[in-house]
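Dropping protein-v7.cif in here (mmCIF, C-alpha atoms):
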```cif
data_my_file
loop_
_atom_site.label_atom_id
_atom_site.label_comp_id
_atom_site.auth_asym_id
_atom_site.auth_seq_id
_atom_site.Cartn_x
_atom_site.Cartn_y
_atom_site.Cartn_z
CA MET T 1 73.17 -52.90 -52.97
CA THR T 2 71.02 -55.87 -53.99
CA ALA T 3 69.44 -56.00 -57.45
CA SER T 4 65.96 -55.49 -56.04
CA ARG T 5 67.05 -52.50 -53.98
CA HIS T 6 68.84 -51.10 -57.04
CA ARG T 7 65.65 -51.36 -59.10
CA LEU T 8 63.66 -49.68 -56.33
CA PHE T 9 66.16 -46.83 -56.10
CA ALA T 10 66.17 -46.39 -59.88
CA ALA T 11 62.37 -46.26 -59.94
CA PHE T 12 62.29 -43.70 -57.13
CA ALA T 13 64.91 -41.57 -58.90
CA GLY T 14 62.89 -41.77 -62.09
CA LEU T 15 59.79 -40.50 -60.31
CA LEU T 16 61.77 -37.58 -58.88
CA LEU T 17 63.17 -36.70 -62.29
CA ALA T 18 59.72 -36.95 -63.88
CA GLY T 19 58.26 -34.65 -61.21
CA THR T 20 61.07 -32.14 -61.70
CA ALA T 21 60.58 -32.19 -65.47
CA ALA T 22 56.84 -31.64 -65.06
CA GLN T 23 57.45 -28.71 -62.74
CA ALA T 24 59.98 -27.25 -65.20
CA GLN T 25 57.50 -27.35 -68.10
CA THR T 26 56.42 -23.85 -69.07
CA THR T 27 52.83 -22.75 -69.56
CA LEU T 28 53.44 -22.31 -73.30
CA GLU T 29 54.78 -25.87 -73.52
CA ARG T 30 51.75 -27.24 -71.66
CA VAL T 31 49.37 -25.28 -73.88
CA LYS T 32 51.08 -26.55 -77.05
CA GLN T 33 51.18 -30.12 -75.75
CA ARG T 34 47.50 -29.97 -74.81
CA GLY T 35 46.60 -28.44 -78.17
CA GLN T 36 44.41 -25.70 -76.71
CA LEU T 37 44.40 -22.75 -74.33
CA ILE T 38 42.26 -22.90 -71.18
CA CYS T 39 40.80 -19.49 -70.45
CA GLY T 40 38.84 -18.33 -67.40
CA THR T 41 35.75 -16.26 -68.16
CA SER T 42 32.79 -14.79 -66.33
CA THR T 43 29.55 -16.71 -65.96
CA GLY T 44 28.10 -14.21 -68.43
CA ILE T 45 28.86 -10.50 -68.77
CA ALA T 46 27.68 -9.12 -72.11
CA GLY T 47 30.43 -7.34 -74.00
CA PHE T 48 33.21 -9.06 -72.06
CA SER T 49 32.55 -12.81 -71.90
CA MET T 50 29.24 -14.46 -72.64
CA ALA T 51 28.13 -17.67 -74.35
CA ASP T 52 25.11 -17.81 -76.65
CA GLY T 53 22.54 -20.61 -76.76
CA GLN T 54 24.90 -22.74 -78.86
CA GLY T 55 27.81 -22.29 -76.47
CA ASN T 56 29.70 -19.82 -78.66
CA TRP T 57 31.64 -17.31 -76.56
CA SER T 58 32.13 -13.64 -77.44
CA GLY T 59 33.34 -10.47 -75.75
CA LEU T 60 36.34 -8.20 -75.27
CA ASP T 61 37.95 -10.64 -72.81
CA VAL T 62 37.11 -13.61 -75.03
CA ASP T 63 38.96 -11.88 -77.88
CA VAL T 64 42.12 -11.77 -75.74
CA CYS T 65 41.92 -15.56 -75.43
CA ARG T 66 41.23 -15.99 -79.14
CA ALA T 67 44.16 -13.68 -79.92
CA LEU T 68 46.43 -15.84 -77.75
CA ALA T 69 45.24 -18.99 -79.55
CA ALA T 70 45.79 -17.28 -82.90
CA ALA T 71 49.32 -16.28 -81.90
CA ILE T 72 50.21 -19.77 -80.67
CA PHE T 73 48.28 -22.09 -83.02
CA ASP T 74 47.23 -19.77 -85.88
CA ASP T 75 43.73 -20.90 -84.90
CA PRO T 76 41.49 -18.75 -82.66
CA ALA T 77 39.16 -21.70 -82.02
CA LYS T 78 41.73 -23.63 -79.99
CA VAL T 79 40.42 -22.28 -76.69
CA LYS T 80 38.44 -23.92 -73.92
CA PHE T 81 36.44 -21.42 -71.88
CA ILE T 82 35.83 -22.06 -68.17
CA PRO T 83 33.09 -19.86 -66.63
CA LEU T 84 34.00 -18.77 -63.10
CA ALA T 85 32.20 -16.90 -60.33
CA SER T 86 34.04 -13.86 -58.94
CA LYS T 87 34.93 -15.64 -55.70
CA ASP T 88 36.46 -18.61 -57.57
CA ARG T 89 38.39 -16.92 -60.38
CA LEU T 90 41.72 -16.28 -58.66
CA THR T 91 41.79 -19.71 -57.03
CA ALA T 92 41.21 -21.35 -60.41
CA LEU T 93 44.28 -19.59 -61.80
CA GLN T 94 46.41 -20.28 -58.73
CA SER T 95 45.58 -23.99 -58.86
CA GLY T 96 46.42 -24.34 -62.56
CA GLU T 97 42.84 -25.08 -63.61
CA ILE T 98 43.17 -22.31 -66.22
CA ASP T 99 46.14 -20.84 -68.11
CA VAL T 100 45.03 -17.21 -68.11
CA LEU T 101 42.32 -15.09 -66.46
CA PRO T 102 41.06 -12.17 -68.57
CA ARG T 103 37.81 -11.94 -66.60
CA THR T 104 36.92 -8.32 -65.75
CA THR T 105 39.40 -8.55 -62.87
CA THR T 106 40.74 -5.30 -61.44
CA TRP T 107 44.47 -4.70 -61.09
CA THR T 108 45.20 -4.19 -57.38
CA LEU T 109 48.29 -4.43 -55.20
CA SER T 110 46.99 -7.31 -53.09
CA ARG T 111 46.21 -9.39 -56.18
CA ASP T 112 49.49 -8.50 -57.88
CA ALA T 113 51.60 -9.39 -54.85
CA GLY T 114 51.27 -12.12 -52.25
CA GLN T 115 48.80 -14.34 -54.13
CA GLY T 116 51.18 -15.92 -56.62
CA LEU T 117 49.66 -13.96 -59.51
CA ASN T 118 50.78 -11.25 -61.93
CA PHE T 119 48.65 -8.69 -63.73
CA THR T 120 49.72 -8.33 -67.38
CA ALA T 121 48.13 -5.34 -69.17
CA VAL T 122 44.98 -3.22 -69.07
CA ASN T 123 42.48 -4.10 -71.81
CA TYR T 124 39.70 -1.94 -70.34
CA TYR T 125 39.64 1.07 -68.02
CA ASP T 126 36.48 1.07 -65.92
CA GLY T 127 35.10 2.55 -62.72
CA GLN T 128 32.44 1.62 -60.17
CA GLY T 129 29.07 3.31 -60.41
CA PHE T 130 25.50 3.07 -59.12
CA GLN T 131 22.10 2.46 -60.68
CA VAL T 132 18.76 3.28 -59.08
CA ARG T 133 15.10 3.32 -60.06
CA ALA T 134 14.19 6.62 -61.72
CA LYS T 135 11.00 6.94 -59.65
CA THR T 136 13.00 7.22 -56.41
CA GLY T 137 14.17 10.69 -57.39
CA VAL T 138 17.73 9.91 -56.28
CA LYS T 139 20.17 12.14 -58.20
CA SER T 140 23.46 11.44 -56.44
CA VAL T 141 25.21 8.76 -54.43
CA LYS T 142 25.12 11.26 -51.57
CA ASP T 143 21.35 10.68 -51.48
CA LEU T 144 21.89 7.00 -50.61
CA ASN T 145 22.64 7.48 -46.91
CA GLY T 146 21.04 4.51 -45.12
CA ALA T 147 20.26 2.69 -48.37
CA SER T 148 20.63 -1.00 -49.10
CA ILE T 149 22.97 -1.72 -52.02
CA CYS T 150 23.24 -4.91 -54.06
CA THR T 151 26.69 -5.97 -55.25
CA VAL T 152 28.78 -9.07 -56.05
CA GLN T 153 30.73 -11.08 -53.48
CA GLY T 154 34.50 -11.41 -53.77
CA THR T 155 35.02 -8.25 -55.81
CA THR T 156 36.66 -4.87 -55.33
CA ASN T 157 33.12 -3.46 -55.47
CA GLU T 158 32.45 -4.48 -51.86
CA LEU T 159 35.67 -2.82 -50.67
CA ASN T 160 35.02 0.34 -52.68
CA LEU T 161 31.56 0.69 -51.14
CA SER T 162 33.03 0.38 -47.66
CA ASP T 163 35.67 3.04 -48.40
CA TYR T 164 33.28 5.49 -50.04
CA PHE T 165 30.56 5.39 -47.39
CA ARG T 166 33.14 5.51 -44.59
CA VAL T 167 34.89 8.57 -46.05
CA ASN T 168 31.57 10.34 -46.59
CA LYS T 169 30.30 9.36 -43.12
CA MET T 170 27.24 7.66 -44.57
CA LYS T 171 25.50 4.47 -43.52
CA TYR T 172 24.51 1.67 -45.88
CA GLU T 173 23.58 -1.99 -45.92
CA VAL T 174 25.39 -4.26 -48.37
CA VAL T 175 23.40 -7.12 -49.94
CA ALA T 176 25.99 -9.32 -51.65
CA PHE T 177 25.43 -12.22 -54.02
CA GLN T 178 27.69 -14.79 -55.62
CA GLY T 179 27.24 -13.65 -59.24
CA ILE T 180 26.11 -10.63 -61.21
CA ASP T 181 22.96 -12.39 -62.48
CA GLU T 182 21.73 -13.02 -58.94
CA THR T 183 22.68 -9.46 -58.00
CA VAL T 184 20.70 -7.94 -60.86
CA LYS T 185 17.66 -10.13 -60.13
CA ALA T 186 17.75 -9.14 -56.47
CA TYR T 187 17.87 -5.45 -57.41
CA GLU T 188 15.02 -5.84 -59.90
CA SER T 189 12.88 -7.63 -57.34
CA GLY T 190 13.30 -4.78 -54.85
CA ARG T 191 15.73 -6.47 -52.44
CA CYS T 192 17.83 -3.30 -52.41
CA ASP T 193 17.60 0.40 -53.19
CA ALA T 194 20.55 0.51 -55.60
CA ILE T 195 22.96 -1.75 -57.43
CA SER T 196 26.66 -0.99 -57.62
CA THR T 197 29.34 -2.54 -59.83
CA ASP T 198 31.58 -1.53 -62.74
CA ILE T 199 29.83 0.95 -65.03
CA SER T 200 30.36 -1.22 -68.11
CA GLN T 201 28.51 -4.05 -66.37
CA LEU T 202 25.68 -1.76 -65.25
CA VAL T 203 25.19 -0.60 -68.85
CA SER T 204 25.36 -4.17 -70.11
CA TYR T 205 22.88 -5.59 -67.63
CA ARG T 206 20.32 -2.80 -68.10
CA LEU T 207 19.66 -4.37 -71.50
CA LYS T 208 18.43 -7.54 -69.79
CA MET T 209 16.03 -5.77 -67.44
CA SER T 210 12.33 -5.95 -68.21
CA ASP T 211 11.94 -2.20 -67.65
CA ALA T 212 15.38 -0.83 -68.53
CA ALA T 213 14.06 2.69 -69.13
CA GLU T 214 12.92 2.89 -65.52
CA HIS T 215 16.52 2.77 -64.21
CA VAL T 216 19.17 5.48 -64.26
CA LEU T 217 22.91 5.67 -63.66
CA LEU T 218 24.07 8.12 -61.02
CA PRO T 219 26.81 10.57 -62.11
CA GLU T 220 29.49 9.58 -59.60
CA VAL T 221 32.31 7.15 -60.38
CA ILE T 222 33.78 6.07 -57.04
CA SER T 223 36.80 4.00 -58.08
CA LYS T 224 39.47 3.23 -60.64
CA GLU T 225 39.00 -0.23 -62.16
CA PRO T 226 41.78 -1.06 -64.62
CA ILE T 227 40.97 -4.59 -65.76
CA GLY T 228 42.85 -7.15 -67.80
CA PRO T 229 44.39 -10.64 -67.84
CA TYR T 230 46.17 -12.27 -64.90
CA VAL T 231 48.67 -15.13 -65.05
CA ARG T 232 50.51 -17.16 -62.42
CA GLN T 233 53.85 -15.88 -61.13
CA GLY T 234 57.03 -17.75 -61.98
CA ASP T 235 56.70 -18.02 -65.78
CA ASP T 236 58.13 -14.86 -67.32
CA GLU T 237 57.76 -16.14 -70.87
CA TRP T 238 54.00 -16.69 -70.46
CA PHE T 239 53.61 -13.36 -68.69
CA ASP T 240 55.26 -11.64 -71.65
CA ILE T 241 53.16 -13.54 -74.21
CA VAL T 242 49.89 -12.52 -72.56
CA ARG T 243 50.98 -8.94 -71.92
CA TRP T 244 52.28 -8.40 -75.45
CA THR T 245 49.16 -9.98 -76.95
CA VAL T 246 47.12 -7.17 -75.40
CA PHE T 247 49.75 -4.67 -76.58
CA ALA T 248 49.64 -6.19 -80.07
CA LEU T 249 45.90 -5.55 -80.36
CA VAL T 250 46.38 -1.90 -79.33
CA ASN T 251 49.46 -1.35 -81.51
CA ALA T 252 47.66 -2.78 -84.54
CA GLU T 253 44.88 -0.22 -84.13
CA ASP T 254 47.38 2.56 -83.49
CA LEU T 255 49.12 1.77 -86.80
CA GLY T 256 45.87 1.33 -88.73
CA VAL T 257 46.29 -2.41 -89.31
CA THR T 258 42.91 -4.18 -89.60
CA LYS T 259 41.52 -7.54 -90.67
CA ALA T 260 40.37 -5.96 -93.92
CA ASN T 261 43.69 -4.35 -94.91
CA LEU T 262 46.15 -6.90 -93.48
CA ALA T 263 47.23 -8.26 -96.89
CA GLU T 264 47.99 -4.71 -98.05
CA MET T 265 49.76 -3.80 -94.80
CA LEU T 266 52.06 -6.83 -95.15
CA LYS T 267 53.52 -5.01 -98.19
CA SER T 268 53.92 -1.69 -96.34
CA GLU T 269 57.25 0.14 -96.36
CA ASN T 270 56.54 1.63 -92.92
CA PRO T 271 59.20 0.11 -90.62
CA GLU T 272 56.85 0.12 -87.60
CA ILE T 273 54.22 -1.84 -89.49
CA ARG T 274 56.83 -4.21 -90.92
CA ARG T 275 58.16 -4.95 -87.42
CA LEU T 276 54.63 -5.34 -86.05
CA LEU T 277 53.67 -7.92 -88.66
CA GLY T 278 56.97 -9.81 -88.62
CA VAL T 279 58.10 -8.77 -92.09
CA GLU T 280 61.24 -7.30 -90.51
CA GLY T 281 62.88 -8.74 -87.43
CA LYS T 282 62.00 -11.82 -85.43
CA PHE T 283 60.42 -10.28 -82.36
CA GLY T 284 58.04 -13.18 -81.81
CA VAL T 285 60.91 -15.62 -81.47
CA GLY T 286 61.89 -14.11 -78.12
CA LEU T 287 58.40 -15.01 -76.88
CA GLY T 288 58.58 -18.58 -78.16
CA LEU T 289 56.26 -17.66 -81.05
CA THR T 290 56.62 -17.24 -84.81
CA PRO T 291 57.76 -13.92 -86.35
CA ASP T 292 54.27 -13.38 -87.83
CA TRP T 293 52.42 -13.91 -84.53
CA ILE T 294 50.80 -10.45 -84.57
CA ALA T 295 49.75 -10.86 -88.20
CA ARG T 296 48.01 -14.07 -87.08
CA ILE T 297 46.17 -12.15 -84.34
CA VAL T 298 44.95 -9.44 -86.72
CA ARG T 299 43.97 -11.97 -89.38
CA HIS T 300 41.75 -13.91 -86.99
CA VAL T 301 40.64 -11.36 -84.37
CA GLY T 302 41.36 -7.88 -85.70
CA ASN T 303 42.78 -4.99 -83.68
CA TYR T 304 41.67 -3.57 -80.33
CA GLY T 305 39.32 -1.04 -81.92
CA GLU T 306 37.61 -3.71 -84.00
CA SER T 307 37.19 -5.90 -80.92
CA TYR T 308 35.79 -2.98 -78.91
CA GLU T 309 33.30 -1.95 -81.59
CA ARG T 310 31.76 -5.38 -82.12
CA ASN T 311 31.60 -6.23 -78.41
CA LEU T 312 30.94 -2.95 -76.61
CA GLY T 313 30.69 -0.17 -79.18
CA SER T 314 28.36 0.83 -81.98
CA GLY T 315 28.41 -2.65 -83.48
CA SER T 316 26.89 -4.10 -80.30
CA ARG T 317 23.63 -3.76 -78.39
CA ILE T 318 25.54 -2.14 -75.53
CA ASN T 319 26.70 0.82 -77.63
CA LEU T 320 29.10 2.11 -74.96
CA PRO T 321 31.26 5.09 -76.03
CA ARG T 322 34.98 4.35 -75.81
CA GLY T 323 35.79 7.37 -73.66
CA ILE T 324 39.13 6.87 -71.92
CA ASN T 325 39.48 3.52 -73.67
CA ASN T 326 40.16 5.36 -76.90
CA LEU T 327 43.71 5.46 -78.21
CA TRP T 328 46.12 7.96 -76.65
CA SER T 329 46.20 9.74 -80.02
CA LYS T 330 42.40 10.19 -79.95
CA GLY T 331 41.93 11.60 -76.46
CA GLY T 332 41.93 8.31 -74.54
CA ILE T 333 44.58 6.55 -72.46
CA GLN T 334 44.95 3.26 -74.35
CA PHE T 335 48.66 3.06 -75.08
CA ALA T 336 51.05 0.23 -75.88
CA PRO T 337 54.86 0.10 -75.98
CA PRO T 338 56.38 -0.26 -79.44
CA VAL T 339 57.42 -3.51 -81.12
CA ARG T 340 61.12 -3.01 -81.84
#
```
Please lay out the structure from this file as structure tokens.
Amino acid sequence: MTASRHRLFAAFAGLLLAGTAAQAQTTLERVKQRGQLICGTSTGIAGFSMADGQGNWSGLDVDVCRALAAAIFDDPAKVKFIPLASKDRLTALQSGEIDVLPRTTTWTLSRDAGQGLNFTAVNYYDGQGFQVRAKTGVKSVKDLNGASICTVQGTTNELNLSDYFRVNKMKYEVVAFQGIDETVKAYESGRCDAISTDISQLVSYRLKMSDAAEHVLLPEVISKEPIGPYVRQGDDEWFDIVRWTVFALVNAEDLGVTKANLAEMLKSENPEIRRLLGVEGKFGVGLGLTPDWIARIVRHVGNYGESYERNLGSGSRINLPRGINNLWSKGGIQFAPPVR
């Protein structure tokens, strides 16, 4: 082999090795190297992910991202938020544009298998409902035979409508739009007889309507919508980090650990609390994190209940009762496996 050919071969081999190394890099390593988490959000759903006039993001889903940043960097501000329309959200995660997608995205079989994605954990249990104008006199979804219904493109809402009206042998016309803002505006302007999406979103968007009191929610809930963060398949460590971050928020509430009492709880003799906060054991190490990673989350973000109250509950304009999103010990179904 000539010297020039040897140099060419060496260069080619180097490129191959570099490509292999890049492919082998984990999501956690990329996030640490970049110095920030890239998080996919909605284009603006109050209570879940919404930016104010200064570009400051807040919401239940936003708190998941801030909790991840707190666990990794001990700094909840090390997050870049990327607003995504419903039809673009999964593609953005698949392509690597974002690291995690906690964007009011329902857990379904087709999304969890065959698309290169994994659902991690439920951070909100929702269901699809309907809103109509009070003056129509409509009292039930069964009264909407032949109605036009506004909804969002690229969501489970479209599929749920199709299933419900087919099962009940009713006719309807779907009027779909790219985002929830356009959908709400179309409904308000009279483009359709009803609007249908997740109940939490219907409650949230009523606050933005000029005549909110003139609209009513119908009693039926036509679907199960467990929502929470998605990650790409093939990185078990990152999957576990995101999943256990959601579990950490719930477990902290379950054990009564809050932002206000964290310093006191770090001195607790309760073995469950000591394990949770990293005083005993090194459970974070198995995730590639520090032993006190959950203490970091609580210090900066709080627990699940605190996040819910300020974003969706009595501390917010939405004032949405927790219902089934209450802890399992308080009549709800929010439940997290133990840290041990």
Mind telling me what the PyMOL selection byres ((chain T and resi 310) around 12) catches here, as a PyMOL selection string?
chain T and resi 46-48+58-60+63+301-309+311-320
Contacts of stretch 106-110 of chain T within 6 Å, all atoms listed in the file, excl. fewer than 2 positions in-chain, as a PyMOL selection string
chain T and resi 112-113+225-227
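Checking T:Leu218, T:Leu202, T:Arg166, T:Ala85 one by one against T:Val138, counting all atoms listed in the file, you find the shortest gap at T:Leu218.
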Can you pull out the residues contacting T:Gly127? Cut-off 6 Å, using all atoms listed in the file, and skip same-chain residues under 4 positions away; I want them as a compact mmCIF listing (two decimals) with C-alpha atoms, in the coordinates of the input.
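New file selection.txt:
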```
# COMPACT_ATOMS: atom_id res chain seq x y z
CA ASP T 198 31.58 -1.53 -62.74
CA ILE T 199 29.83 0.95 -65.03
CA VAL T 221 32.31 7.15 -60.38
CA SER T 223 36.80 4.00 -58.08
CA LYS T 224 39.47 3.23 -60.64
CA GLU T 225 39.00 -0.23 -62.16
```
Residue by residue, what does the PyMOL selection byres ((chain T and resi 282-297) around 7) grab here? Present the result as an MDAnalysis selection string.
chainID T and resid 67 70:72 74 237 240:241 248 276:278 280:281 298:302
Any idea what's packed within 10 Å of T:Gly256, counting all atoms listed in the file, ignoring anything in its chain fewer than 3 positions away? Could you give it as a list in words?
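My list of contacting residues is Val250, Asn251, Ala252, Glu253, Asn261, Leu262, Met265, Ile273, Asn303 and Gly305 of chain T.
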May I have the selected residues written with C-alpha atoms, as a PDB file, in the frame of the given file?
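Below is the file result-v3.pdb, written as the result:
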```
ATOM      1  CA  VAL T 250      46.380  -1.900 -79.330  1.00  0.00           C
ATOM      2  CA  ASN T 251      49.460  -1.350 -81.510  1.00  0.00           C
ATOM      3  CA  ALA T 252      47.660  -2.780 -84.540  1.00  0.00           C
ATOM      4  CA  GLU T 253      44.880  -0.220 -84.130  1.00  0.00           C
ATOM      5  CA  ASN T 261      43.690  -4.350 -94.910  1.00  0.00           C
ATOM      6  CA  LEU T 262      46.150  -6.900 -93.480  1.00  0.00           C
ATOM      7  CA  MET T 265      49.760  -3.800 -94.800  1.00  0.00           C
ATOM      8  CA  ILE T 273      54.220  -1.840 -89.490  1.00  0.00           C
ATOM      9  CA  ASN T 303      42.780  -4.990 -83.680  1.00  0.00           C
ATOM     10  CA  GLY T 305      39.320  -1.040 -81.920  1.00  0.00           C
TER      11      GLY T 305
END
```
Would you please work out which residue, of T:Val174, T:Leu90, T:Val184, T:Leu217, is nearest to T:Val231 when using only C-alpha atoms?
T:Leu90
Find the residues around T:Leu101 up to 6 Å (all atoms listed in the file counted), leave out those fewer than 6 positions away in its own chain, and share them as a list of chain:residue names.
T:Gly40, T:Pro229, T:Tyr230
Pick from T:Ser42, T:Val132, T:Val79, T:Val141: nearest to T:Arg103, with only C-alpha atoms counted?
T:Ser42
I'd like the contact shell of T:Thr151 - 12 Å cut-off, all atoms listed in the file, skipping same-chain residues fewer than 5 positions apart - returned as a PyMOL selection string.
chain T and resi 86+128-131+156-162+173-187+191-198+201-202
Identify all residues satisfying the PyMOL selection byres ((chain T and resi 168) around 12) in the given file; provide them as number ranges by chain.
T: 141-145, 161-167, 169-172, 222
Could the residues in this selection be written to a file with C-alpha atoms, as an mmCIF file, in the frame of the given file?
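Saved to again29.cif:
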```
data_model
loop_
_atom_site.group_PDB
_atom_site.id
_atom_site.type_symbol
_atom_site.label_atom_id
_atom_site.label_comp_id
_atom_site.auth_asym_id
_atom_site.auth_seq_id
_atom_site.Cartn_x
_atom_site.Cartn_y
_atom_site.Cartn_z
ATOM 1 C CA VAL T 141 25.210 8.760 -54.430
ATOM 2 C CA LYS T 142 25.120 11.260 -51.570
ATOM 3 C CA ASP T 143 21.350 10.680 -51.480
ATOM 4 C CA LEU T 144 21.890 7.000 -50.610
ATOM 5 C CA ASN T 145 22.640 7.480 -46.910
ATOM 6 C CA LEU T 161 31.560 0.690 -51.140
ATOM 7 C CA SER T 162 33.030 0.380 -47.660
ATOM 8 C CA ASP T 163 35.670 3.040 -48.400
ATOM 9 C CA TYR T 164 33.280 5.490 -50.040
ATOM 10 C CA PHE T 165 30.560 5.390 -47.390
ATOM 11 C CA ARG T 166 33.140 5.510 -44.590
ATOM 12 C CA VAL T 167 34.890 8.570 -46.050
ATOM 13 C CA LYS T 169 30.300 9.360 -43.120
ATOM 14 C CA MET T 170 27.240 7.660 -44.570
ATOM 15 C CA LYS T 171 25.500 4.470 -43.520
ATOM 16 C CA TYR T 172 24.510 1.670 -45.880
ATOM 17 C CA ILE T 222 33.780 6.070 -57.040
#
```
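Put simply, atom CA of T:Lys135 is 9.5 Å away from atom CA of T:Val216.
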With distances taken over all atoms listed in the file, which residue among T:Arg30, T:Lys80, T:Arg232, T:Arg133 lies nearest T:Glu214?
T:Arg133
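Here atom CA of T:Gln233 stands at a distance of 18.6 Å from atom CA of T:Cys65.
With atom CA of T:Gly228 on one side and atom CA of T:Asp61 on the other, the separation reads 7.8 Å.
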Using all atoms listed in the file - which residues lie no farther than 12 Å from the point (12.1, -12.4, -67.2) in the file's frame? Write them as a PyMOL selection string.
chain T and resi 181+184-185+188-189+207-211
Would you compute, for all listed atoms of stretch 33-44 of chain T, the axis-aligned bounding box grown by 3 Å on each side, and then report its centre and edge lengths in Å rounded to one decimal, as AutoDock Vina command-line options?
```
--center_x 39.6 --center_y -22.2 --center_z -72.1 --size_x 29.1 --size_y 21.9 --size_z 18.2
```
Selected residue, from T:Arg34, T:Arg111, T:Arg66, T:His215, that lies nearest to T:Thr245 when counting all atoms listed in the file
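Smallest separation from T:Thr245 among the options: T:Arg66.
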Would you mind telling me which residue in T:Phe81, T:Gly154, T:Val339, T:Ala134 lies nearest to T:Ala212 when using all atoms listed in the file?
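Using all atoms listed in the file, the shortest distance to T:Ala212 belongs to T:Ala134.
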